[in-house]
Amino acid sequence: MKKWLLAALALSLVLMFPACAKKAAKVEPVQGPAVEQVEEPTAKVEKPVLSEEELFQQKSLEELNKDQVLKKINFDFDMYTIREDMKPILQANANWLLKFPSVEVLVEGHCDERGTIEYNIALGEKRAEAARNYLVSLGMTPAKVKIISYGKSKPLVQGVDEATYFQNRRAEFVITKK
Amino acid sequence: MTMRRATFPIAVLLLALALPAQEEITIRIREGMPMIPVALPAFQLDAAARGSAEAAAVYETLWQDLEFSRIFKMVPREHYAYIPAFKPDAIRFKDWASIQANILISGQLELAADDRLIFSFKVYEVAGERFIFGRNFGGKKDLARLIAHRAADEMLKHFGEKPLFTSKIAYVHESGSDRDIYLMDYDGQRPTRITFSSALDMLPSWSADNEKILYTSYRNLSPELFMFDLYSGRTQLVSSGGSNYAADWSPAGDRIVYTSSKHGNSEIYLRDMKTGQEKRLTFNPAIDTSPCWSPSGREIAFTSQRGGTPQIYIMDAEGSNVRRITLEGSYHDSPAWSPDGMRLAFVSRIENRFDIYVYNLKNNEIRKLTENAGRNENPSWSPDGRHLVFSSNRSGRYQLYLVDYDGRNVRPLTRDGENKMPKWQKPSR
């Protein structure tokens with residue numbers, strides 16, 4: 001009996017509701033809680049730049065050579081004198097080499113494709129020797145700089161223009177021991 | 001017949017050389033001499049040889065050899081059709097005379113059961129209607145070309161010439177990054193690899209007896225001079241330290257000259273191959289390289305940059321009496337002394353073109369052998385002095401070419417990969 005009474009009461013409440021809803025439309029919308037910013041404090045730590053010494057320790061011979069820590073120099077046609085604009089490169093190479101006295105280096109002399117095989121072996125050797133002598137004059141230990149000539153048998157780039165030839169007339173510095 | 005006189009007029013003037021009389025001159029260059037017309041009718045073939053590749057190879061190789069010789073001239077095959085067919089047992093000499101043949105070769109070829117090829121040939125003088133000489137050669141059938149070369153060499157010998165067609169050319173073949181020494185027949189056929197290192201092998205050079213090859217290899221990470229024995233297959237180190245290259249064996253076979261920077265600078269060294277004793281022949285801070293013996297063994301031609309630019313010089317074999325040969329032009333190298341001792345071939349750069357020139361030591365005449373076609377390098381004389389082999393990049397990549405001593409008959413020898421630094425075998429002693 002009580003149940004029926006409750007149900008009838010609830011029904012009557014529901015039937016009354018539309019009148020109430022009209023009044024509720026004027027109610028201001030309820031403000032939600034403020035958004036709280038979640039943050040993690042970031043530490044001001046950056047990946048440390050390795051010193052030259054640390055890089056040297058870390059890298060293998062192959063990596064050092066691949067990264068060209070020693071830059072190559074170029075020569076004039078048929079010449080083996082060190083060009084003025086190549087001297088700063090040799091100076092930079094020498095600076096690096098003097099920092100790491102354990103390093104031994106092989107200077108490779110190369111020629112462009114013009115000229116004969118035989119003469120170019122001799123010319124490439126003269127270029128390697130000139131580069132070696134320059135490094136020695138800057139303080140390198142002679143015994144730590146070896147030379148080899150490949151003549152024209154190992155061009156760096158292929159082509160038949162002066163820009164190509166210039167790139168191929170070169171001395172390269174290969175680190176053989178660190 | 002038009003003879004292309006490629007005498008080079010301006011660029012290279014030469015020193016008049018007072019050369020001592022050279023009794024070693026035995027090869028007659030038949031310049032201007034008419035070539036001997038030869039007829040080579042089809043061979044008589046046994047049943048097994050008929051239609052075989054070997055029979056065709058012997059015939060074609062013999063024909064090409066004789067045609068190449070500059071001694072013989074082949075009567076065109078079409079002319080044979082004008083006369084009755086050749087019968088070896090009943091030769092009608094008058095018919096062969098009528099198509100201008102002076103020499104007639106009758107060949108017979110058998111392919112025996114054990115894969116052996118037997119080639120017999122008889123040589124007749126047409127005008128005299130007489131048999132001159134004949135030979136029989138036998139060998140494994142895969143040696144068909146060699147059998148023909150032997151027969152062609154017999155022809156040369158019989159006519160007072162030195163054998164040529166069994167001679168080999170050593171050279172460097174490059175495929176990918178690998179460069180090794182190979183040998184091939186004079187006509188570019190039958191290449192054989194003789195070095196197998198993964199490093200650079202280069203600049204092969206024959207011993208006086210043609211049994212050994214000197215060459216430079218980077219196999220131990222520096223250019224060292226090695227000697228390979230073609231018969232024992234053994235390789236031995238000859239010289240190391242610095243760069244060691246451009247070796248040439250003395251005609252007597254006892255000594256070599258070569259370039260080495262073992263004491264710092266590129267100098268020419270003389271080495272006794274029996275005792276191993278060495279003597280340094282050049283002493284100056286410039287580049288000295290590319291030594292090459294005169295056939296008499298008394299002199300050495302070489303390249304030196306002592307005057308500022310690379311020029312050709314000649315010195316006595318003891319290193320004294322140095323005189324400069326090339327006076328003009330700014331770049332000369334790779335001197336090669338002809339087997340008769342009368343000519344020097346070399347490479348010159350004139351107006352940035354690299355061509356091969358031949359300098360006649362007797363009359364100081366210069367002849368340009370190659371004409372403005374790519375870079376032409378490393379000339380080397382045939383044992384009979386009538387031909388040269390050289391490398392050229394005229395077709396794009398470096399390949400080997402043959403040319404006659406007068407600049408005629410330029411023909412390609414190689415096609416695959418890249419091929420360079422040819423050295424023709426030395427004259428047989």
# chains A, B, ... in the order shown; residues from 1 in each chain; ligands from 1
$ select_by_dssp --residues "segment 35-165 of chain A" --states "helix (DSSP H, G or I)" --output "PyMOL selection string"
chain A and resi 52-58+61-66+84-99+117-137+142-144+162-165
$ write_last_selection --atoms "C-alpha atoms" --output "PDB file, in the first residue's frame"
ATOM      1  CA  GLU A  52      88.743  17.739 -28.562  1.00  0.00           C
ATOM      2  CA  GLU A  53      90.683  15.500 -26.241  1.00  0.00           C
ATOM      3  CA  GLU A  54      87.596  13.544 -25.259  1.00  0.00           C
ATOM      4  CA  LEU A  55      86.503  13.201 -28.893  1.00  0.00           C
ATOM      5  CA  PHE A  56      89.956  11.971 -29.771  1.00  0.00           C
ATOM      6  CA  GLN A  57      89.761   9.362 -27.019  1.00  0.00           C
ATOM      7  CA  GLN A  58      86.296   8.301 -28.041  1.00  0.00           C
ATOM      8  CA  LEU A  61      91.014   5.689 -36.297  1.00  0.00           C
ATOM      9  CA  GLU A  62      88.422   5.122 -38.999  1.00  0.00           C
ATOM     10  CA  GLU A  63      86.035   7.644 -37.452  1.00  0.00           C
ATOM     11  CA  LEU A  64      88.765  10.262 -37.070  1.00  0.00           C
ATOM     12  CA  ASN A  65      89.732   9.836 -40.719  1.00  0.00           C
ATOM     13  CA  LYS A  66      86.123   9.773 -41.856  1.00  0.00           C
ATOM     14  CA  GLU A  84      99.707  30.243 -49.892  1.00  0.00           C
ATOM     15  CA  ASP A  85      96.004  29.509 -49.377  1.00  0.00           C
ATOM     16  CA  MET A  86      96.828  25.947 -48.279  1.00  0.00           C
ATOM     17  CA  LYS A  87      99.243  27.015 -45.540  1.00  0.00           C
ATOM     18  CA  PRO A  88      96.485  27.815 -42.986  1.00  0.00           C
ATOM     19  CA  ILE A  89      95.070  24.329 -43.567  1.00  0.00           C
ATOM     20  CA  LEU A  90      98.459  22.786 -42.893  1.00  0.00           C
ATOM     21  CA  GLN A  91      98.795  25.012 -39.827  1.00  0.00           C
ATOM     22  CA  ALA A  92      95.441  23.762 -38.530  1.00  0.00           C
ATOM     23  CA  ASN A  93      96.471  20.181 -39.235  1.00  0.00           C
ATOM     24  CA  ALA A  94      99.754  20.747 -37.424  1.00  0.00           C
ATOM     25  CA  ASN A  95      97.967  22.330 -34.440  1.00  0.00           C
ATOM     26  CA  TRP A  96      95.764  19.284 -34.125  1.00  0.00           C
ATOM     27  CA  LEU A  97      98.648  16.876 -34.584  1.00  0.00           C
ATOM     28  CA  LEU A  98     100.795  18.645 -32.002  1.00  0.00           C
ATOM     29  CA  LYS A  99      97.962  18.355 -29.497  1.00  0.00           C
ATOM     30  CA  ILE A 117     101.805   7.087 -64.845  1.00  0.00           C
ATOM     31  CA  GLU A 118     105.524   7.093 -64.028  1.00  0.00           C
ATOM     32  CA  TYR A 119     106.034  10.832 -63.750  1.00  0.00           C
ATOM     33  CA  ASN A 120     102.890  11.197 -61.680  1.00  0.00           C
ATOM     34  CA  ILE A 121     104.168   8.693 -59.100  1.00  0.00           C
ATOM     35  CA  ALA A 122     107.237  10.894 -58.689  1.00  0.00           C
ATOM     36  CA  LEU A 123     105.139  14.089 -58.686  1.00  0.00           C
ATOM     37  CA  GLY A 124     102.692  12.680 -56.120  1.00  0.00           C
ATOM     38  CA  GLU A 125     105.622  11.761 -53.940  1.00  0.00           C
ATOM     39  CA  LYS A 126     107.026  15.297 -54.209  1.00  0.00           C
ATOM     40  CA  ARG A 127     103.646  16.674 -53.131  1.00  0.00           C
ATOM     41  CA  ALA A 128     103.457  14.335 -50.149  1.00  0.00           C
ATOM     42  CA  GLU A 129     107.025  15.251 -49.261  1.00  0.00           C
ATOM     43  CA  ALA A 130     106.320  18.998 -49.498  1.00  0.00           C
ATOM     44  CA  ALA A 131     103.313  18.605 -47.190  1.00  0.00           C
ATOM     45  CA  ARG A 132     105.359  16.473 -44.798  1.00  0.00           C
ATOM     46  CA  ASN A 133     108.218  18.991 -44.734  1.00  0.00           C
ATOM     47  CA  TYR A 134     105.764  21.781 -43.983  1.00  0.00           C
ATOM     48  CA  LEU A 135     104.299  19.858 -41.038  1.00  0.00           C
ATOM     49  CA  VAL A 136     107.798  19.123 -39.761  1.00  0.00           C
ATOM     50  CA  SER A 137     108.703  22.807 -40.065  1.00  0.00           C
ATOM     51  CA  PRO A 142     109.626  13.628 -38.710  1.00  0.00           C
ATOM     52  CA  ALA A 143     109.403   9.957 -37.701  1.00  0.00           C
ATOM     53  CA  LYS A 144     105.660  10.308 -37.147  1.00  0.00           C
ATOM     54  CA  GLU A 162      89.857  22.123 -64.123  1.00  0.00           C
ATOM     55  CA  ALA A 163      87.704  22.039 -60.964  1.00  0.00           C
ATOM     56  CA  THR A 164      87.908  18.229 -60.990  1.00  0.00           C
ATOM     57  CA  TYR A 165      91.611  18.220 -61.725  1.00  0.00           C
TER      58      TYR A 165
END
$ residues_around --residues "segment 60-77 of chain B" --least-positions-apart "4" --cutoff "7 Å" --atoms "only C-alpha atoms" --output "list in words"
Met35, Ile36, Pro37, Val38, Ala39, Ala56, Ala101, Arg145, Ala148, His149, Ala152 and Phe165 of chain B
$ closest_atom_pairs --of "chain B" --to "chain A" --cutoff "8 Å" --atoms "only C-alpha atoms" --output "CSV"
residue,atom,partner,partner_atom,distance
B:Ser222,CA,A:Ile148,CA,6.5
B:Pro223,CA,A:Ile148,CA,7.9
B:Gly242,CA,A:Ile148,CA,7.2
B:Ser243,CA,A:Ser149,CA,7.3
B:Tyr245,CA,A:Glu118,CA,7.6
B:Ala246,CA,A:Glu118,CA,6.6
B:Ser266,CA,A:Ala122,CA,6.2
B:Ile287,CA,A:Ala122,CA,6.4
B:Thr289,CA,A:Tyr119,CA,6.8
B:Ser290,CA,A:Glu118,CA,6.4
B:Asp333,CA,A:Thr116,CA,6.8
B:Ser334,CA,A:Thr116,CA,7.3
B:Val347,CA,A:Thr116,CA,7.9
B:Arg349,CA,A:Gly115,CA,7.9
B:Phe354,CA,A:Gly115,CA,7.7
B:Arg375,CA,A:Arg114,CA,8.0
B:Glu377,CA,A:Thr116,CA,6.6
B:Asn378,CA,A:Thr116,CA,7.6
$ atom_distance --atom1 "atom CA of Val145 of chain A" --atom2 "atom CA of Ser261 of chain B"
15.9 Å
$ select_by_dssp --residues "segment 88-142 of chain A" --states "strand (DSSP E or B)" --output "MDAnalysis selection string"
chainID A and resid 104:110
$ atom_distance --atom1 "atom CA of Glu418 of chain B" --atom2 "atom CA of Leu225 of chain B"
22.5 Å
$ atom_distance --atom1 "atom CA of His387 of chain B" --atom2 "atom CA of His79 of chain B"
28.7 Å
$ residues_around --residues "segment 92-94 of chain B" --least-positions-apart "2" --cutoff "12 Å" --atoms "only C-alpha atoms" --output "VMD selection string"
chain B and resid 39 83 to 90 96 to 105 124 to 131
$ residues_around --residues "Pro251 of chain B" --least-positions-apart "6" --cutoff "10 Å" --atoms "only C-alpha atoms" --output "mmCIF file with all heavy atoms, in the first residue's frame"
data_model
loop_
_atom_site.group_PDB
_atom_site.id
_atom_site.type_symbol
_atom_site.label_atom_id
_atom_site.label_comp_id
_atom_site.auth_asym_id
_atom_site.auth_seq_id
_atom_site.Cartn_x
_atom_site.Cartn_y
_atom_site.Cartn_z
ATOM 1 N N SER B 207 111.665 -9.385 -68.503
ATOM 2 C CA SER B 207 113.100 -9.662 -68.392
ATOM 3 C C SER B 207 113.649 -9.879 -69.802
ATOM 4 O O SER B 207 112.904 -10.073 -70.756
ATOM 5 C CB SER B 207 113.338 -10.897 -67.535
ATOM 6 O OG SER B 207 112.807 -12.046 -68.161
ATOM 7 N N ALA B 208 114.974 -9.851 -69.917
ATOM 8 C CA ALA B 208 115.608 -9.989 -71.227
ATOM 9 C C ALA B 208 115.263 -11.334 -71.872
ATOM 10 O O ALA B 208 115.150 -11.436 -73.090
ATOM 11 C CB ALA B 208 117.119 -9.825 -71.088
ATOM 12 N N ASP B 209 115.083 -12.375 -71.037
ATOM 13 C CA ASP B 209 114.747 -13.694 -71.584
ATOM 14 C C ASP B 209 113.234 -13.932 -71.633
ATOM 15 O O ASP B 209 112.795 -15.044 -71.942
ATOM 16 C CB ASP B 209 115.446 -14.803 -70.782
ATOM 17 C CG ASP B 209 115.037 -14.780 -69.302
ATOM 18 O OD1 ASP B 209 114.101 -14.024 -68.940
ATOM 19 O OD2 ASP B 209 115.658 -15.516 -68.517
ATOM 20 N N TRP B 293 116.754 0.986 -71.246
ATOM 21 C CA TRP B 293 118.040 0.641 -71.849
ATOM 22 C C TRP B 293 118.031 0.826 -73.363
ATOM 23 O O TRP B 293 117.024 0.566 -74.016
ATOM 24 C CB TRP B 293 118.373 -0.824 -71.600
ATOM 25 C CG TRP B 293 118.662 -1.173 -70.182
ATOM 26 C CD1 TRP B 293 117.756 -1.611 -69.259
ATOM 27 C CD2 TRP B 293 119.935 -1.143 -69.521
ATOM 28 N NE1 TRP B 293 118.393 -1.838 -68.071
ATOM 29 C CE2 TRP B 293 119.721 -1.573 -68.207
ATOM 30 C CE3 TRP B 293 121.231 -0.789 -69.926
ATOM 31 C CZ2 TRP B 293 120.750 -1.662 -67.275
ATOM 32 C CZ3 TRP B 293 122.257 -0.890 -69.000
ATOM 33 C CH2 TRP B 293 122.012 -1.314 -67.689
ATOM 34 N N SER B 294 119.173 1.185 -73.896
ATOM 35 C CA SER B 294 119.345 1.077 -75.340
ATOM 36 C C SER B 294 119.579 -0.399 -75.633
ATOM 37 O O SER B 294 120.050 -1.133 -74.769
ATOM 38 C CB SER B 294 120.548 1.901 -75.809
ATOM 39 O OG SER B 294 121.762 1.240 -75.470
ATOM 40 N N PRO B 295 119.234 -0.864 -76.838
ATOM 41 C CA PRO B 295 119.412 -2.292 -77.143
ATOM 42 C C PRO B 295 120.875 -2.727 -77.044
ATOM 43 O O PRO B 295 121.155 -3.906 -76.843
ATOM 44 C CB PRO B 295 118.895 -2.423 -78.578
ATOM 45 C CG PRO B 295 118.026 -1.239 -78.771
ATOM 46 C CD PRO B 295 118.591 -0.135 -77.932
ATOM 47 N N SER B 296 121.813 -1.797 -77.154
ATOM 48 C CA SER B 296 123.225 -2.151 -77.028
ATOM 49 C C SER B 296 123.613 -2.368 -75.567
ATOM 50 O O SER B 296 124.658 -2.949 -75.287
ATOM 51 C CB SER B 296 124.094 -1.033 -77.622
ATOM 52 O OG SER B 296 124.009 0.113 -76.785
ATOM 53 N N GLY B 297 122.791 -1.869 -74.643
ATOM 54 C CA GLY B 297 123.115 -1.972 -73.225
ATOM 55 C C GLY B 297 124.126 -0.932 -72.779
ATOM 56 O O GLY B 297 124.564 -0.936 -71.639
ATOM 57 N N ARG B 298 124.499 -0.037 -73.678
ATOM 58 C CA ARG B 298 125.522 0.955 -73.329
ATOM 59 C C ARG B 298 124.943 2.262 -72.826
ATOM 60 O O ARG B 298 125.637 3.051 -72.189
ATOM 61 C CB ARG B 298 126.408 1.225 -74.546
ATOM 62 C CG ARG B 298 127.392 0.100 -74.841
ATOM 63 C CD ARG B 298 128.514 0.585 -75.730
ATOM 64 N NE ARG B 298 128.013 0.970 -77.029
ATOM 65 C CZ ARG B 298 128.070 0.185 -78.112
ATOM 66 N NH1 ARG B 298 128.596 -1.001 -78.027
ATOM 67 N NH2 ARG B 298 127.598 0.599 -79.252
ATOM 68 N N PRO B 339 113.928 -1.628 -80.861
ATOM 69 C CA PRO B 339 114.869 -2.754 -80.818
ATOM 70 C C PRO B 339 116.080 -2.567 -81.742
ATOM 71 O O PRO B 339 117.130 -3.148 -81.491
ATOM 72 C CB PRO B 339 114.022 -3.948 -81.274
ATOM 73 C CG PRO B 339 112.613 -3.532 -81.054
ATOM 74 C CD PRO B 339 112.567 -2.052 -81.203
ATOM 75 N N LYS B 426 110.192 -8.634 -74.940
ATOM 76 C CA LYS B 426 111.480 -8.226 -75.523
ATOM 77 C C LYS B 426 111.811 -9.111 -76.716
ATOM 78 O O LYS B 426 111.321 -10.239 -76.814
ATOM 79 C CB LYS B 426 112.571 -8.361 -74.464
ATOM 80 C CG LYS B 426 112.378 -7.459 -73.257
ATOM 81 C CD LYS B 426 113.343 -6.303 -73.284
ATOM 82 C CE LYS B 426 112.993 -5.249 -72.257
ATOM 83 N NZ LYS B 426 113.879 -5.193 -71.129
ATOM 84 N N PRO B 427 112.677 -8.632 -77.612
ATOM 85 C CA PRO B 427 113.088 -9.487 -78.740
ATOM 86 C C PRO B 427 113.746 -10.759 -78.197
ATOM 87 O O PRO B 427 114.519 -10.696 -77.235
ATOM 88 C CB PRO B 427 114.111 -8.623 -79.482
ATOM 89 C CG PRO B 427 113.853 -7.225 -79.040
ATOM 90 C CD PRO B 427 113.322 -7.320 -77.639
ATOM 91 N N ARG B 429 116.339 -13.762 -77.891
ATOM 92 C CA ARG B 429 117.780 -13.701 -78.166
ATOM 93 C C ARG B 429 118.262 -14.947 -78.889
ATOM 94 O O ARG B 429 117.637 -15.983 -78.833
ATOM 95 C CB ARG B 429 118.552 -13.530 -76.862
ATOM 96 C CG ARG B 429 118.332 -12.152 -76.293
ATOM 97 C CD ARG B 429 119.114 -11.961 -75.027
ATOM 98 N NE ARG B 429 118.581 -12.785 -73.931
ATOM 99 C CZ ARG B 429 119.170 -12.874 -72.753
ATOM 100 N NH1 ARG B 429 120.282 -12.247 -72.517
ATOM 101 N NH2 ARG B 429 118.638 -13.612 -71.798
#
